[in-house]
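Working notes for the structure below.
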Amino acid sequence: MADVSVPCSACEQPIRRGDEFCATCGAPVSREAKAALLARLEVTHVAFATQIKKVRSAQTTIAVLSGLFVVSGILFFFITRGQADDALTQLAGLNDSETLVEAVAGATTVGELRGALEREPYQVLGLNLFLAVVMLGLWFWSKRATLPAIITAFGIYVAVLVASALQDPTTLAQGVVLKIIVIAALARGVSAALAARRLETEP
Amino acid sequence: MNTPLGCSACAQPQDADAKFCRKCGRSLKDGAADVRHAGAPPLLSSPPSLVRSVHADSRLLRELAWLCALPVLVSVAYAIAVRMDGTSVVKDVSATAAMTLIASSGALLNLSLVCSALHLPTAREFGKTALIALILAPTLAATFWFLHEVLGFALLDAYLEPYLEEGWPVALGYLEVAVVTPIAEELLFRGLIQPKLGQILSLDEAWIVQAALFAALHLSPVILLTHFLMGLALGYVRRSSGSLYPGIVLHGAWNAWVLASSQG
């Protein structure tokens, strides 16, 4: 792929894929030049184009994940709050200092349980929004360096799925088709980004 | 075989006739230097062009997948066992033993890689580690305080309960949390995962991704951020000193502090 180049805007010498600066005059490579080079490579090297397509779909998946986390954060905020309200009405009339027959999630008194129930919807919302921000950050990173960003997104997403399944196994089945699609797209993106990097560094 | 001509500043491979570095833009005064003689830090990676074959790549990805998946399986098994009939010392010890087994097996299969990192660093490196600890500790402590007191997450509060209930010495819990686990995790993440990532990513990328995986594999969104910061600090210490020892000490000291301050 080293045979494909675009001319440096300053000195007209060839800029190749992966260059951040011109090797002849030191001028920084513009974003337009990088985009033009990528477009050329996709036309001339079919194998590379196939990999880039998979990488792009993984990048889109990361952005979609970010949106999905926002949506699920809002959704589960209201669901959790509804469940918490139901539980709180059952506790109505009980004194805060009364001890529970059986400790629930670390709470030993009614007061502690009330506090935990009231906090839970916000914890759920906060976690989901945090993950949405993380995915958004990874999407930006994937524009500059695809391979590490996709690996990280894959690892974090799988870990989040496992963690929420441990917390509440019923969540595993929710949207399982979507989850499988996401995992498959990210996994494909990892091997495609790696293959693309190999093709780029070959002479 | 590619001669590793590279930029003496950022160690990226260059052509022999290049006048400026392709990656960092610095002027290459006498042409690209031979990286091996340019005082480059101990290689935690080989430049991408040296590890070419697709076969080697998929093998590497598979190894990394195992190194990440096995600890997750242990955590899942532990969580299911605890859900069924509560925590116990046997479960704790088994989980820690399983993790150590995974880390040791990985180390045995990559003996030269791990042994090259088991040397005492210079006094200067230890000083650097202490400095990082001084900067990091208040940041992490503040974050933990926020999570624990303000947001109400439980963290390690109940960790020593089974030890007290079953009559085991509290020291056993500390041994697991502050000695064995740090050794296993440093071996696994900084001793194996970071260098292996370094074969397909740049050193900086491998450092960041390792920290992200370290955070993710603890399977708790609550501590994702704090463990990411820890992973960055420990990964940096490993990179700059070339040794696993400073990280083990830092990690152990930190775990001991968190355990101690979660009690009571």
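Residue numbering restarts at 1 in every chain; chains get A, B, ... in the order shown in the structure tokens, and ligands count up from 1 in that same order.
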Near Tyr245 (chain B), within 9 Å and counting only C-alpha atoms, which residues show up once chain neighbours fewer than 5 positions away are dropped, as a PyMOL selection string? chain B and resi 117-121+183+186+238+250
Using only C-alpha atoms, find which residues of chain B lie within 7 Å of chain A and jot them down as a VMD selection string. chain B and resid 18 to 25 49 52 79 205 209 212 to 213 216 to 217 219 to 221
Store the residues picked out above, limited to all heavy atoms, as a compact mmCIF listing (two decimals), in the first residue's frame.
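Contents of part10.txt, freshly written:
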# COMPACT_ATOMS: atom_id res chain seq x y z
N ALA B 18 14.29 9.70 5.14
CA ALA B 18 13.35 10.67 5.70
C ALA B 18 14.11 11.80 6.40
O ALA B 18 15.13 11.58 7.04
CB ALA B 18 12.43 9.97 6.69
N LYS B 19 13.60 13.04 6.24
CA LYS B 19 14.24 14.18 6.89
C LYS B 19 13.47 14.60 8.13
O LYS B 19 13.99 15.28 9.00
CB LYS B 19 14.33 15.35 5.91
CG LYS B 19 15.14 15.04 4.68
CD LYS B 19 15.69 16.33 4.07
CE LYS B 19 16.40 16.05 2.75
NZ LYS B 19 15.48 15.51 1.71
N PHE B 20 12.17 14.25 8.20
CA PHE B 20 11.34 14.57 9.34
C PHE B 20 10.62 13.30 9.77
O PHE B 20 10.30 12.45 8.94
CB PHE B 20 10.31 15.66 8.99
CG PHE B 20 10.91 17.01 8.75
CD1 PHE B 20 11.42 17.34 7.51
CD2 PHE B 20 10.98 17.94 9.76
CE1 PHE B 20 11.99 18.58 7.27
CE2 PHE B 20 11.54 19.19 9.54
CZ PHE B 20 12.05 19.51 8.30
N CYS B 21 10.33 13.18 11.07
CA CYS B 21 9.62 11.99 11.54
C CYS B 21 8.17 12.02 11.06
O CYS B 21 7.47 13.02 11.20
CB CYS B 21 9.66 11.94 13.07
SG CYS B 21 8.62 10.63 13.74
N ARG B 22 7.71 10.89 10.51
CA ARG B 22 6.35 10.80 9.97
C ARG B 22 5.29 10.94 11.05
O ARG B 22 4.15 11.30 10.77
CB ARG B 22 6.13 9.45 9.27
CG ARG B 22 7.15 9.09 8.25
CD ARG B 22 7.08 7.62 7.92
NE ARG B 22 5.71 7.17 7.78
CZ ARG B 22 5.28 6.00 8.20
NH1 ARG B 22 6.09 5.18 8.82
NH2 ARG B 22 4.03 5.65 8.02
N LYS B 23 5.68 10.59 12.30
CA LYS B 23 4.68 10.54 13.36
C LYS B 23 4.70 11.77 14.24
O LYS B 23 3.66 12.31 14.59
CB LYS B 23 4.91 9.29 14.23
CG LYS B 23 4.56 8.02 13.53
CD LYS B 23 3.07 7.90 13.29
CE LYS B 23 2.76 6.58 12.61
NZ LYS B 23 1.37 6.48 12.22
N CYS B 24 5.88 12.22 14.66
CA CYS B 24 5.92 13.33 15.60
C CYS B 24 6.43 14.61 14.97
O CYS B 24 6.43 15.67 15.58
CB CYS B 24 6.75 12.98 16.84
SG CYS B 24 8.51 12.81 16.54
N GLY B 25 6.87 14.56 13.70
CA GLY B 25 7.23 15.76 12.97
C GLY B 25 8.61 16.32 13.29
O GLY B 25 9.04 17.30 12.69
N SER B 49 5.76 -3.71 12.16
CA SER B 49 6.22 -4.35 10.93
C SER B 49 7.01 -5.62 11.19
O SER B 49 7.23 -6.40 10.29
CB SER B 49 7.08 -3.37 10.13
OG SER B 49 8.05 -2.80 10.98
N ARG B 52 4.57 -9.83 11.50
CA ARG B 52 3.75 -9.66 10.32
C ARG B 52 2.59 -10.61 10.15
O ARG B 52 1.55 -10.24 9.68
CB ARG B 52 4.63 -9.84 9.06
CG ARG B 52 5.26 -8.63 8.57
CD ARG B 52 6.25 -9.04 7.48
NE ARG B 52 7.22 -7.98 7.29
CZ ARG B 52 7.01 -6.94 6.49
NH1 ARG B 52 5.90 -6.84 5.85
NH2 ARG B 52 7.91 -6.01 6.36
N ALA B 79 -19.37 -15.20 42.04
CA ALA B 79 -20.59 -14.44 42.29
C ALA B 79 -21.80 -15.36 42.40
O ALA B 79 -22.66 -15.18 43.26
CB ALA B 79 -20.80 -13.41 41.18
N GLU B 205 -0.94 3.15 23.36
CA GLU B 205 -2.25 2.52 23.20
C GLU B 205 -2.37 1.28 24.09
O GLU B 205 -3.39 1.08 24.74
CB GLU B 205 -2.47 2.14 21.73
CG GLU B 205 -2.66 3.33 20.81
CD GLU B 205 -2.60 2.94 19.35
OE1 GLU B 205 -2.22 1.79 19.06
OE2 GLU B 205 -2.94 3.79 18.51
N VAL B 209 -5.27 0.75 26.88
CA VAL B 209 -6.20 -0.37 26.72
C VAL B 209 -6.07 -1.33 27.90
O VAL B 209 -7.06 -1.82 28.44
CB VAL B 209 -5.98 -1.10 25.39
CG1 VAL B 209 -6.87 -2.32 25.30
CG2 VAL B 209 -6.26 -0.16 24.23
N ALA B 212 -7.94 0.05 30.75
CA ALA B 212 -9.38 -0.06 30.55
C ALA B 212 -9.85 -1.49 30.81
O ALA B 212 -10.87 -1.72 31.45
CB ALA B 212 -9.75 0.36 29.12
N LEU B 213 -9.08 -2.48 30.32
CA LEU B 213 -9.44 -3.88 30.54
C LEU B 213 -9.35 -4.22 32.03
O LEU B 213 -10.21 -4.93 32.57
CB LEU B 213 -8.54 -4.81 29.73
CG LEU B 213 -8.75 -4.76 28.22
CD1 LEU B 213 -7.74 -5.65 27.52
CD2 LEU B 213 -10.16 -5.19 27.87
N ALA B 216 -12.45 -2.84 33.52
CA ALA B 216 -13.65 -3.55 33.08
C ALA B 216 -13.74 -4.93 33.72
O ALA B 216 -14.82 -5.35 34.15
CB ALA B 216 -13.66 -3.68 31.56
N LEU B 217 -12.61 -5.65 33.81
CA LEU B 217 -12.63 -7.03 34.29
C LEU B 217 -12.95 -7.16 35.77
O LEU B 217 -13.15 -8.27 36.26
CB LEU B 217 -11.29 -7.72 33.98
CG LEU B 217 -11.30 -8.60 32.72
CD1 LEU B 217 -11.91 -7.89 31.54
CD2 LEU B 217 -9.89 -9.02 32.38
N LEU B 219 -15.63 -6.12 36.81
CA LEU B 219 -17.07 -6.37 36.68
C LEU B 219 -17.91 -5.51 37.61
O LEU B 219 -18.90 -5.98 38.16
CB LEU B 219 -17.39 -7.85 36.93
CG LEU B 219 -16.80 -8.83 35.95
CD1 LEU B 219 -17.27 -10.22 36.25
CD2 LEU B 219 -17.16 -8.46 34.52
N SER B 220 -17.50 -4.28 37.80
CA SER B 220 -18.32 -3.42 38.63
C SER B 220 -18.28 -2.02 38.06
O SER B 220 -17.27 -1.33 38.16
CB SER B 220 -17.81 -3.42 40.06
OG SER B 220 -18.38 -2.35 40.78
N PRO B 221 -19.39 -1.56 37.44
CA PRO B 221 -19.40 -0.23 36.85
C PRO B 221 -19.07 0.86 37.86
O PRO B 221 -18.55 1.90 37.50
CB PRO B 221 -20.85 -0.07 36.36
CG PRO B 221 -21.38 -1.45 36.23
CD PRO B 221 -20.68 -2.26 37.27
Check chain A with DSSP on the backbone and list each residue it calls strand (DSSP E), as a ChimeraX atom specification. /A:6-7,14-15,99-104,107-109
Those selected residues, please, written with N, CA, C and O atoms and delivered as a JSON list (two decimals), in the first residue's frame.
[["chain", "number", "residue", "atom", "x", "y", "z"],
["A", 6, "VAL", "N", -0.76, 10.66, -1.52],
["A", 6, "VAL", "CA", -1.27, 11.96, -1.96],
["A", 6, "VAL", "C", -0.13, 12.96, -1.81],
["A", 6, "VAL", "O", 0.75, 12.77, -0.97],
["A", 7, "PRO", "N", -0.12, 14.03, -2.58],
["A", 7, "PRO", "CA", 0.99, 14.99, -2.47],
["A", 7, "PRO", "C", 0.84, 15.88, -1.25],
["A", 7, "PRO", "O", -0.27, 16.29, -0.89],
["A", 14, "PRO", "N", 5.28, 12.70, -1.69],
["A", 14, "PRO", "CA", 4.22, 11.74, -1.33],
["A", 14, "PRO", "C", 4.01, 11.62, 0.18],
["A", 14, "PRO", "O", 4.95, 11.51, 0.94],
["A", 15, "ILE", "N", 2.74, 11.66, 0.58],
["A", 15, "ILE", "CA", 2.31, 11.35, 1.93],
["A", 15, "ILE", "C", 1.65, 9.99, 1.87],
["A", 15, "ILE", "O", 0.79, 9.75, 1.03],
["A", 99, "THR", "N", -35.51, -2.09, 62.93],
["A", 99, "THR", "CA", -34.59, -2.99, 62.23],
["A", 99, "THR", "C", -35.37, -3.97, 61.36],
["A", 99, "THR", "O", -36.47, -4.38, 61.70],
["A", 100, "LEU", "N", -34.75, -4.31, 60.25],
["A", 100, "LEU", "CA", -35.39, -5.25, 59.33],
["A", 100, "LEU", "C", -35.19, -6.68, 59.82],
["A", 100, "LEU", "O", -34.18, -7.00, 60.46],
["A", 101, "VAL", "N", -36.16, -7.54, 59.50],
["A", 101, "VAL", "CA", -36.03, -8.95, 59.87],
["A", 101, "VAL", "C", -34.80, -9.55, 59.19],
["A", 101, "VAL", "O", -34.03, -10.30, 59.77],
["A", 102, "GLU", "N", -34.63, -9.19, 57.92],
["A", 102, "GLU", "CA", -33.50, -9.72, 57.15],
["A", 102, "GLU", "C", -32.87, -8.56, 56.39],
["A", 102, "GLU", "O", -33.57, -7.79, 55.73],
["A", 103, "ALA", "N", -31.57, -8.44, 56.49],
["A", 103, "ALA", "CA", -30.89, -7.34, 55.82],
["A", 103, "ALA", "C", -31.10, -7.41, 54.31],
["A", 103, "ALA", "O", -31.01, -8.48, 53.71],
["A", 104, "VAL", "N", -31.40, -6.27, 53.71],
["A", 104, "VAL", "CA", -31.62, -6.20, 52.26],
["A", 104, "VAL", "C", -30.55, -5.29, 51.66],
["A", 104, "VAL", "O", -30.52, -4.11, 51.94],
["A", 107, "ALA", "N", -28.76, -2.96, 53.88],
["A", 107, "ALA", "CA", -29.53, -2.08, 54.77],
["A", 107, "ALA", "C", -30.10, -2.92, 55.91],
["A", 107, "ALA", "O", -30.71, -3.96, 55.67],
["A", 108, "THR", "N", -29.88, -2.44, 57.14],
["A", 108, "THR", "CA", -30.36, -3.20, 58.29],
["A", 108, "THR", "C", -31.57, -2.55, 58.95],
["A", 108, "THR", "O", -32.32, -3.20, 59.66],
["A", 109, "THR", "N", -31.78, -1.26, 58.74],
["A", 109, "THR", "CA", -32.93, -0.60, 59.32],
["A", 109, "THR", "C", -33.84, -0.11, 58.20],
["A", 109, "THR", "O", -33.45, -0.02, 57.03]]
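Nearest to Pro182 (chain B) of all the residues B:Met99, B:Val93, B:Val76, B:Cys115 is B:Met99, based on only C-alpha atoms.
Summary of the local environment: counting only C-alpha atoms, residues at most 8 Å from region 83-85 of chain A, other than itself and those fewer than 2 positions away along its chain, are Ile79, Thr80, Arg81, Ala87, Leu88, Thr89, Leu117, Glu118, Glu120 and Pro121 of chain A.
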Backbone-only DSSP, alpha helix (DSSP H) members of region 46-165 of chain A, as a PyMOL selection string: chain A and resi 46-91+110-144+146-165
Dump of C-alpha atoms for the selected residues, as a short mmCIF file (atom, residue, chain, number, x, y, z; two decimals), in the first residue's frame:
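Produced file result-v1.cif, reproduced below:
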data_model
loop_
_atom_site.label_atom_id
_atom_site.label_comp_id
_atom_site.auth_asym_id
_atom_site.auth_seq_id
_atom_site.Cartn_x
_atom_site.Cartn_y
_atom_site.Cartn_z
CA VAL A 46 -9.98 -4.31 -2.20
CA ALA A 47 -8.80 -6.27 0.85
CA PHE A 48 -8.19 -3.04 2.69
CA ALA A 49 -11.60 -1.68 1.70
CA THR A 50 -13.34 -4.78 3.07
CA GLN A 51 -11.60 -4.36 6.40
CA ILE A 52 -12.35 -0.63 6.53
CA LYS A 53 -16.04 -1.35 5.97
CA LYS A 54 -16.08 -3.66 9.00
CA VAL A 55 -14.14 -1.12 11.02
CA ARG A 56 -16.65 1.57 10.09
CA SER A 57 -19.56 -0.62 11.16
CA ALA A 58 -17.82 -1.21 14.49
CA GLN A 59 -17.37 2.55 14.90
CA THR A 60 -21.06 3.08 14.20
CA THR A 61 -21.86 0.34 16.73
CA ILE A 62 -19.91 2.23 19.38
CA ALA A 63 -21.82 5.43 18.67
CA VAL A 64 -25.12 3.52 18.72
CA LEU A 65 -24.12 1.94 22.05
CA SER A 66 -23.62 5.39 23.49
CA GLY A 67 -27.13 6.35 22.47
CA LEU A 68 -28.52 3.07 23.76
CA PHE A 69 -26.96 3.65 27.17
CA VAL A 70 -28.62 7.07 27.35
CA VAL A 71 -31.97 5.58 26.41
CA SER A 72 -31.67 2.65 28.80
CA GLY A 73 -30.54 4.97 31.57
CA ILE A 74 -33.68 7.07 31.22
CA LEU A 75 -35.88 4.00 30.76
CA PHE A 76 -34.53 2.14 33.78
CA PHE A 77 -34.62 5.32 35.86
CA PHE A 78 -38.40 5.35 35.56
CA ILE A 79 -38.76 1.58 35.89
CA THR A 80 -36.58 1.49 39.00
CA ARG A 81 -38.35 4.47 40.46
CA GLY A 82 -41.71 2.76 39.94
CA GLN A 83 -40.44 -0.38 41.69
CA ALA A 84 -38.94 1.75 44.46
CA ASP A 85 -42.22 3.64 44.92
CA ASP A 86 -44.09 0.33 45.25
CA ALA A 87 -41.61 -0.87 47.86
CA LEU A 88 -41.73 2.48 49.67
CA THR A 89 -45.50 2.36 49.98
CA GLN A 90 -45.10 -1.02 51.65
CA LEU A 91 -42.77 0.63 54.13
CA VAL A 110 -36.04 0.74 57.63
CA GLY A 111 -34.40 4.13 57.30
CA GLU A 112 -31.39 2.66 55.48
CA LEU A 113 -33.66 0.69 53.16
CA ARG A 114 -35.72 3.80 52.39
CA GLY A 115 -32.54 5.68 51.55
CA ALA A 116 -31.30 2.86 49.32
CA LEU A 117 -34.63 2.67 47.48
CA GLU A 118 -34.70 6.41 46.91
CA ARG A 119 -31.10 6.45 45.65
CA GLU A 120 -31.35 3.45 43.36
CA PRO A 121 -33.04 5.08 40.34
CA TYR A 122 -30.40 7.81 40.34
CA GLN A 123 -27.59 5.26 40.66
CA VAL A 124 -28.97 3.39 37.66
CA LEU A 125 -29.31 6.59 35.65
CA GLY A 126 -25.87 7.80 36.65
CA LEU A 127 -24.15 4.54 35.72
CA ASN A 128 -25.84 4.36 32.33
CA LEU A 129 -25.02 7.98 31.52
CA PHE A 130 -21.41 7.40 32.61
CA LEU A 131 -21.19 4.42 30.26
CA ALA A 132 -22.77 6.51 27.49
CA VAL A 133 -20.04 9.13 27.96
CA VAL A 134 -17.35 6.41 27.95
CA MET A 135 -18.69 5.00 24.68
CA LEU A 136 -18.86 8.48 23.18
CA GLY A 137 -15.24 9.05 24.14
CA LEU A 138 -14.31 5.72 22.58
CA TRP A 139 -16.11 6.69 19.39
CA PHE A 140 -14.01 9.86 19.16
CA TRP A 141 -10.86 7.85 19.88
CA SER A 142 -11.81 5.35 17.18
CA LYS A 143 -11.66 8.16 14.62
CA ARG A 144 -7.97 8.63 15.42
CA THR A 146 -9.47 2.42 15.53
CA LEU A 147 -7.86 -0.72 16.93
CA PRO A 148 -7.37 0.23 20.60
CA ALA A 149 -10.73 2.01 20.75
CA ILE A 150 -12.67 -0.97 19.41
CA ILE A 151 -10.82 -3.41 21.68
CA THR A 152 -11.67 -1.22 24.67
CA ALA A 153 -15.32 -0.81 23.65
CA PHE A 154 -15.64 -4.57 23.21
CA GLY A 155 -14.07 -5.32 26.59
CA ILE A 156 -16.13 -2.75 28.45
CA TYR A 157 -19.41 -3.77 26.82
CA VAL A 158 -18.92 -7.48 27.54
CA ALA A 159 -17.93 -6.65 31.13
CA VAL A 160 -21.05 -4.49 31.57
CA LEU A 161 -23.26 -7.30 30.24
CA VAL A 162 -21.67 -9.85 32.58
CA ALA A 163 -21.88 -7.49 35.56
CA SER A 164 -25.57 -6.72 35.04
CA ALA A 165 -26.34 -10.41 34.46
#
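Distances from B:Leu172, B:Pro138, B:Arg239, B:Trp145 to Leu203 (chain B) were compared using only C-alpha atoms, and the smallest one belongs to B:Arg239.
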Work out how far CA of Ala95 (chain B) is from CA of Val74 (chain B), in Å to one decimal. 6.5 Å
Atom-to-atom span, CA of Gly173 (chain B) and CA of Ala98 (chain B), Å: 15.8 Å
How many Å separate CA of Ala133 (chain B) from CA of Gly235 (chain B)? 12.9 Å
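Summary of the local environment: counting only C-alpha atoms, residues at most 9 Å from Ser5 (chain A), other than itself and those fewer than 3 positions away along its chain, are Met1, Ala2, Gln13, Pro14, Ile15, Arg16, Arg17, Leu37, Arg40 and Leu41 of chain A.
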If we count only C-alpha atoms and set the cut-off at 8 Å, which residues sit around Phe228 (chain B), ignoring sequence neighbours fewer than 2 positions away in its own chain? Please answer as a PyMOL selection string. chain B and resi 211-212+214-215+224-226+230-232
Please produce a file of the residues just selected, as a tab-separated table (two decimals), in the first residue's frame, where the atoms kept are N, CA, C and O atoms.
chain	number	residue	atom	x	y	z
B	211	ALA	N	-5.25	-0.59	30.94
B	211	ALA	CA	-5.90	0.03	32.09
B	211	ALA	C	-7.42	-0.10	31.97
B	211	ALA	O	-8.10	-0.36	32.96
B	212	ALA	N	-7.94	0.05	30.75
B	212	ALA	CA	-9.38	-0.06	30.55
B	212	ALA	C	-9.85	-1.49	30.81
B	212	ALA	O	-10.87	-1.72	31.45
B	214	PHE	N	-8.30	-3.71	32.71
B	214	PHE	CA	-8.15	-3.93	34.14
B	214	PHE	C	-9.39	-3.43	34.87
B	214	PHE	O	-9.94	-4.10	35.75
B	215	ALA	N	-9.86	-2.23	34.49
B	215	ALA	CA	-11.06	-1.68	35.13
B	215	ALA	C	-12.29	-2.50	34.80
B	215	ALA	O	-13.06	-2.86	35.68
B	224	LEU	N	-15.33	1.42	37.98
B	224	LEU	CA	-14.71	1.46	36.66
B	224	LEU	C	-13.68	2.59	36.57
B	224	LEU	O	-12.55	2.39	36.14
B	225	LEU	N	-14.09	3.79	37.01
B	225	LEU	CA	-13.20	4.94	36.85
B	225	LEU	C	-11.97	4.84	37.74
B	225	LEU	O	-10.84	5.06	37.29
B	226	THR	N	-12.17	4.47	39.02
B	226	THR	CA	-11.03	4.42	39.93
B	226	THR	C	-10.03	3.37	39.48
B	226	THR	O	-8.82	3.60	39.51
B	230	MET	N	-6.10	3.61	38.42
B	230	MET	CA	-5.08	2.73	39.00
B	230	MET	C	-4.32	2.00	37.91
B	230	MET	O	-3.10	1.90	37.95
B	231	GLY	N	-5.09	1.48	36.93
B	231	GLY	CA	-4.46	0.75	35.83
B	231	GLY	C	-3.47	1.62	35.07
B	231	GLY	O	-2.41	1.17	34.65
B	232	LEU	N	-3.82	2.90	34.89
B	232	LEU	CA	-2.91	3.82	34.21
B	232	LEU	C	-1.63	4.01	35.03
B	232	LEU	O	-0.52	3.94	34.49
